[in-house]
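Notes follow once the structure below has been shown.
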Amino acid sequence: MTSSGTQPELKGRLFGVPDRSRLSVRIALDSRGFHLSLDQESWLLPYDPAQMTLGGADGDMIVVRDPEPNLALYVPLDGILGSADLLPPTIASRVQSLAEERDRQRSRSYLFAVGGLLACGLLLWIGWMGMGAILEIGLDQIPVSWEEQLGESALASVAPEEDRVTNPQIVKPVKAILDRLLGSVDENPYEFDLHVVWSDEINAFATPGGKVVILTGMLDAAESPEEVAGVLAHEIQHVLKRHSLKKMAESLKWQLAMMILIGDAETLQEMLLVNAGKLFNLSYDRDYERESDTLGLKLLYRAGMDPQGMPRFFETLKKRDSGPLTVELAFLSTHPGHEERIDQLEKMIAELGEPEITPLDIDWGSLKEAV
């Protein structure tokens, strides 16, 4: 199918095509969707406002996802705005809202840079003890799009495509649990994305920007879907509270603080991306783990899930603690220990009272068999 030629062609980038890391395609728009063409091939990508998000280093692209073949199309936002009269009203409205979001992000980046320049004169005065305050202020200004890029880079280093599970008998039940939890999150600027990865390790982790990874070893160790829900609720809080980003900031304290002070947003972003692979060498401290446990447990209550699943998972792990399995557990960290976390969670459950539980509709036996 070819373009009608009623408007100038756009150029975009297409990711997810087997055996091709990235394709440059020509794009034309009409009332039906994006018409893509490459050499002698052409095809139609229908509009779906739910699959259109903001992307690019400066929010200058619209990312259009086609989840079935797992494709992602990057289209210049300004180019689409210039052809908005060819779009259906719902799609034109979505594009306009994304453009407004981009403008807000750019305004924040501008304020971020101006604030950094004004703060430069205070550098000699504040010294080392003031670095934490600078980083906290600076991190608050980092846009979600930066976190998403950081998460993508980190994910590629620890969960390559060939190791990811595609069996729907495994992925769909876990995603159903994650989606139900996310449905009870009050404020969520992230588009969470689940990846199940083949591994014997008992592990789960989340990257900045909402990439949640569950290893099959953890699914094998869990004795119920409620235990998996407890793990996912915990990881969701790490994302929402930006714990990974904060730990990275702590490890790069001087470098990041300097970039924030001088207002060099471009170098700051590049520095974060270059260090993305280090994310999984950073363990959360006691306060971050406790915060994620506490808020994760409350999320289980709001989602109508059995909160006992969270302490029961630690009980399950205690049974396996006689061997070397827990040495590599990123979810657990090295502190606080199992007993302390179980005690704290049980006390919270006693204080919060009896939950209103809607059982999870999960074929746990089939999932375990597939794993």
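Identifiers in the structure tokens: chain A, B, ... in order shown; residue index from 1 per chain; ligand index from 1 in order shown.
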Which residues come within 10 Å of region 195-206 of chain A, counting only C-alpha atoms, excluding same-chain residues fewer than 6 positions away, as a tab-separated table (two decimals) with N, CA and C atoms, in the first residue's frame?
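Produced file out-v3.tsv, reproduced below:
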```
chain	number	residue	atom	x	y	z
A	151	GLY	N	16.65	3.15	31.40
A	151	GLY	CA	16.15	1.80	31.63
A	151	GLY	C	16.34	0.89	30.44
A	154	ALA	N	20.00	-0.12	30.31
A	154	ALA	CA	20.31	-1.07	31.37
A	154	ALA	C	19.72	-2.44	31.06
A	155	LEU	N	18.49	-2.45	30.55
A	155	LEU	CA	17.82	-3.72	30.25
A	155	LEU	C	18.57	-4.51	29.19
A	158	VAL	N	21.48	-6.64	30.60
A	158	VAL	CA	21.26	-7.79	31.51
A	158	VAL	C	20.17	-8.74	31.02
A	159	ALA	N	19.37	-8.32	30.07
A	159	ALA	CA	18.27	-9.17	29.59
A	159	ALA	C	18.19	-9.10	28.08
A	160	PRO	N	19.16	-9.70	27.38
A	160	PRO	CA	19.13	-9.67	25.91
A	160	PRO	C	17.90	-10.39	25.37
A	161	GLU	N	17.52	-10.02	24.16
A	161	GLU	CA	16.29	-10.53	23.55
A	161	GLU	C	16.22	-12.05	23.56
A	162	GLU	N	17.36	-12.71	23.29
A	162	GLU	CA	17.34	-14.17	23.17
A	162	GLU	C	17.06	-14.87	24.51
A	163	ASP	N	17.20	-14.16	25.63
A	163	ASP	CA	16.95	-14.76	26.94
A	163	ASP	C	15.54	-14.49	27.45
A	164	ARG	N	14.78	-13.70	26.72
A	164	ARG	CA	13.45	-13.31	27.22
A	164	ARG	C	12.41	-14.36	26.88
A	165	VAL	N	11.53	-14.61	27.82
A	165	VAL	CA	10.48	-15.62	27.67
A	165	VAL	C	9.34	-15.05	26.83
A	166	THR	N	8.90	-15.83	25.86
A	166	THR	CA	7.77	-15.41	25.01
A	166	THR	C	6.55	-16.29	25.23
A	167	ASN	N	6.70	-17.38	25.96
A	167	ASN	CA	5.60	-18.32	26.20
A	167	ASN	C	4.46	-17.61	26.94
A	170	ILE	N	3.43	-18.38	30.54
A	170	ILE	CA	4.22	-17.83	31.64
A	170	ILE	C	4.03	-16.32	31.74
A	171	VAL	N	4.13	-15.63	30.60
A	171	VAL	CA	4.16	-14.17	30.62
A	171	VAL	C	2.81	-13.57	30.98
A	174	VAL	N	1.80	-13.40	34.79
A	174	VAL	CA	2.62	-12.44	35.54
A	174	VAL	C	2.23	-11.02	35.16
A	175	LYS	N	1.98	-10.78	33.87
A	175	LYS	CA	1.57	-9.45	33.44
A	175	LYS	C	0.20	-9.08	34.02
A	212	VAL	N	10.32	-3.82	34.29
A	212	VAL	CA	10.30	-4.79	35.39
A	212	VAL	C	10.72	-6.14	34.85
A	213	VAL	N	11.72	-6.75	35.48
A	213	VAL	CA	12.26	-8.03	35.03
A	213	VAL	C	12.06	-9.07	36.12
A	214	ILE	N	11.46	-10.19	35.74
A	214	ILE	CA	11.29	-11.33	36.64
A	214	ILE	C	12.05	-12.51	36.03
A	215	LEU	N	12.94	-13.11	36.79
A	215	LEU	CA	13.64	-14.29	36.32
A	215	LEU	C	12.80	-15.53	36.61
A	216	THR	N	12.87	-16.51	35.73
A	216	THR	CA	12.07	-17.73	35.90
A	216	THR	C	12.44	-18.46	37.18
A	217	GLY	N	13.68	-18.30	37.65
A	217	GLY	CA	14.07	-18.91	38.92
A	217	GLY	C	13.24	-18.40	40.08
A	218	MET	N	12.83	-17.14	40.01
A	218	MET	CA	11.99	-16.59	41.08
A	218	MET	C	10.57	-17.15	41.00
A	219	LEU	N	10.05	-17.30	39.76
A	219	LEU	CA	8.73	-17.88	39.59
A	219	LEU	C	8.73	-19.33	40.07
A	220	ASP	N	9.82	-20.03	39.83
A	220	ASP	CA	9.93	-21.41	40.26
A	220	ASP	C	9.98	-21.51	41.79
A	221	ALA	N	10.63	-20.53	42.43
A	221	ALA	CA	10.75	-20.55	43.89
A	221	ALA	C	9.46	-20.16	44.59
A	222	ALA	N	8.69	-19.23	43.99
A	222	ALA	CA	7.45	-18.76	44.61
A	222	ALA	C	6.43	-19.90	44.70
A	228	VAL	N	4.32	-13.75	44.16
A	228	VAL	CA	4.80	-12.98	43.01
A	228	VAL	C	4.25	-11.55	43.07
A	231	VAL	N	6.36	-9.47	45.36
A	231	VAL	CA	7.62	-9.06	44.73
A	231	VAL	C	7.38	-7.90	43.76
A	232	LEU	N	6.34	-8.03	42.92
A	232	LEU	CA	6.06	-6.98	41.93
A	232	LEU	C	5.66	-5.67	42.61
A	234	HIS	N	6.66	-4.59	45.43
A	234	HIS	CA	7.93	-4.04	45.94
A	234	HIS	C	8.70	-3.35	44.81
A	235	GLU	N	8.83	-4.01	43.66
A	235	GLU	CA	9.60	-3.45	42.55
A	235	GLU	C	8.94	-2.21	41.96
A	236	ILE	N	7.61	-2.18	41.92
A	236	ILE	CA	6.89	-1.00	41.45
A	236	ILE	C	7.29	0.23	42.27
A	237	GLN	N	7.42	0.04	43.58
A	237	GLN	CA	7.77	1.17	44.44
A	237	GLN	C	9.20	1.65	44.19
A	238	HIS	N	10.11	0.73	43.88
A	238	HIS	CA	11.47	1.15	43.53
A	238	HIS	C	11.44	2.11	42.33
A	239	VAL	N	10.57	1.81	41.37
A	239	VAL	CA	10.46	2.68	40.19
A	239	VAL	C	9.83	4.01	40.55
A	243	HIS	N	14.41	4.94	43.08
A	243	HIS	CA	15.52	4.47	43.90
A	243	HIS	C	16.77	4.18	43.08
A	244	SER	N	16.62	3.56	41.91
A	244	SER	CA	17.78	3.25	41.08
A	244	SER	C	18.50	4.53	40.65
A	280	PHE	N	23.01	-2.38	38.01
A	280	PHE	CA	22.76	-3.65	38.67
A	280	PHE	C	23.91	-4.07	39.59
A	317	LEU	N	11.88	-18.12	50.98
A	317	LEU	CA	13.32	-17.98	50.76
A	317	LEU	C	14.13	-18.47	51.96
A	325	LEU	N	21.97	-19.97	47.07
A	325	LEU	CA	21.05	-19.34	46.12
A	325	LEU	C	20.84	-17.86	46.38
A	326	THR	N	20.82	-17.46	47.66
A	326	THR	CA	20.46	-16.07	47.95
A	326	THR	C	21.60	-15.10	47.82
A	327	VAL	N	22.78	-15.56	47.49
A	327	VAL	CA	23.92	-14.66	47.38
A	327	VAL	C	23.69	-13.60	46.32
A	328	GLU	N	23.03	-13.98	45.20
A	328	GLU	CA	22.87	-13.07	44.07
A	328	GLU	C	21.51	-12.39	44.02
A	329	LEU	N	20.76	-12.41	45.13
A	329	LEU	CA	19.39	-11.91	45.06
A	329	LEU	C	19.35	-10.39	45.14
A	330	ALA	N	19.13	-9.74	44.01
A	330	ALA	CA	19.03	-8.28	44.00
A	330	ALA	C	17.79	-7.81	44.74
A	331	PHE	N	16.71	-8.61	44.66
A	331	PHE	CA	15.45	-8.23	45.31
A	331	PHE	C	15.64	-8.16	46.82
A	332	LEU	N	16.44	-9.06	47.35
A	332	LEU	CA	16.60	-9.13	48.79
A	332	LEU	C	17.63	-8.15	49.32
A	371	VAL	N	7.21	-23.17	33.49
A	371	VAL	CA	8.54	-22.72	33.96
A	371	VAL	C	9.48	-23.89	34.11
```
Find the spatial neighbours of Ala303 (chain A), counting only C-alpha atoms, within a cut-off of 10 Å - ignore same-chain residues fewer than 3 positions away - and output them as a PyMOL selection string.
-> chain A and resi 177+180-185+233+297-300+306-307+355-358
Could you turn the residues from that selection into a file that holds C-alpha atoms, as a PDB file, in the first residue's frame?
```pdb
ATOM      1  CA  ILE A 177      -0.689  -9.494  38.292  1.00  0.00           C
ATOM      2  CA  ARG A 180      -3.802  -5.249  38.499  1.00  0.00           C
ATOM      3  CA  LEU A 181      -1.284  -3.688  40.867  1.00  0.00           C
ATOM      4  CA  LEU A 182      -0.679  -0.761  38.519  1.00  0.00           C
ATOM      5  CA  GLY A 183      -4.422  -0.175  38.326  1.00  0.00           C
ATOM      6  CA  SER A 184      -4.293   0.784  42.006  1.00  0.00           C
ATOM      7  CA  VAL A 185      -1.351   3.192  41.739  1.00  0.00           C
ATOM      8  CA  ALA A 233       4.483  -4.526  44.395  1.00  0.00           C
ATOM      9  CA  LEU A 297       2.338  -3.778  51.115  1.00  0.00           C
ATOM     10  CA  LYS A 298      -0.113  -0.860  51.074  1.00  0.00           C
ATOM     11  CA  LEU A 299      -0.417  -1.258  47.307  1.00  0.00           C
ATOM     12  CA  LEU A 300      -1.412  -4.919  47.802  1.00  0.00           C
ATOM     13  CA  ASP A 306      -3.579 -10.966  49.931  1.00  0.00           C
ATOM     14  CA  PRO A 307      -0.834  -8.931  51.694  1.00  0.00           C
ATOM     15  CA  PRO A 355      -7.940  -6.777  53.807  1.00  0.00           C
ATOM     16  CA  GLU A 356     -10.801  -7.080  51.321  1.00  0.00           C
ATOM     17  CA  ILE A 357      -9.358  -9.715  49.018  1.00  0.00           C
ATOM     18  CA  THR A 358     -10.417 -10.477  45.467  1.00  0.00           C
TER      19      THR A 358
END
```
Of the residues A:Met348, A:Ala99, A:Leu367, A:Leu240, which is the one nearest to Ser224 (chain A), using only C-alpha atoms?
->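 The shortest atom-to-atom distance to Ser224 (chain A) comes from A:Leu367.
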Calculate how many Å separate CA of Val17 (chain A) from CA of Pro69 (chain A), rounding to one decimal.
->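 That distance, rounded to one decimal, is 8.3 Å.
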Taking into account only C-alpha atoms, which residue in the set A:Lys368, A:Arg94, A:Arg26, A:Arg286 is nearest to Gln51 (chain A)?
-> A:Arg94
Can you tell me, as a list in words, what residues are no more than 8 Å from Arg13 (chain A) when counting only C-alpha atoms, ignoring any on the same chain fewer than 4 positions away?
-> Arg22, Leu23, Ser24, Val25, Leu73, Tyr74 and Val75 of chain A
Selected residue of minimal separation from Leu29 (chain A) among A:Ser366, A:Met52, A:Gly79, A:Phe15, counting only C-alpha atoms =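 For Leu29 (chain A), the nearest of the given residues is A:Gly79.
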Between A:Ala50, A:Leu10, A:Leu98, A:Ala176, which one has atoms that come closest to Asp361 (chain A), using only C-alpha atoms?
->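 That would be A:Ala176, the residue with the smallest distance to Asp361 (chain A).
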Residue neighbourhood Thr53 (chain A), 7 Å, only C-alpha atoms, exclusion window fewer than 2 positions, as a PyMOL selection string | chain A and resi 51+55+62-64
Measure the distance from CA of Gly16 (chain A) to CA of Ala72 (chain A) in Å and round it to one decimal.
->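 CA of Gly16 (chain A) sits 6.4 Å away from CA of Ala72 (chain A).
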Would you list the contacts of Glu101 (chain A) as a JSON list (two decimals) with N, CA, C and O atoms, in the first residue's frame, taking every protein, DNA or RNA residue within 10 Å and counting only C-alpha atoms, but skipping same-chain residues closer than 6 positions in sequence?
```json
[["chain", "number", "residue", "atom", "x", "y", "z"],
["A", 54, "LEU", "N", 5.44, 9.73, 24.06],
["A", 54, "LEU", "CA", 6.50, 10.68, 23.76],
["A", 54, "LEU", "C", 7.85, 9.99, 23.89],
["A", 54, "LEU", "O", 8.05, 9.16, 24.77],
["A", 59, "GLY", "N", 12.25, 14.68, 23.72],
["A", 59, "GLY", "CA", 10.81, 14.58, 23.55],
["A", 59, "GLY", "C", 10.35, 15.03, 22.19],
["A", 59, "GLY", "O", 9.20, 15.45, 22.02],
["A", 95, "VAL", "N", -1.96, 13.65, 19.54],
["A", 95, "VAL", "CA", -0.71, 14.27, 19.11],
["A", 95, "VAL", "C", -0.54, 15.64, 19.77],
["A", 95, "VAL", "O", 0.55, 16.00, 20.23],
["A", 107, "SER", "N", 10.28, 23.14, 29.11],
["A", 107, "SER", "CA", 10.26, 24.25, 30.07],
["A", 107, "SER", "C", 10.98, 23.85, 31.36],
["A", 107, "SER", "O", 11.74, 24.64, 31.92]]
```
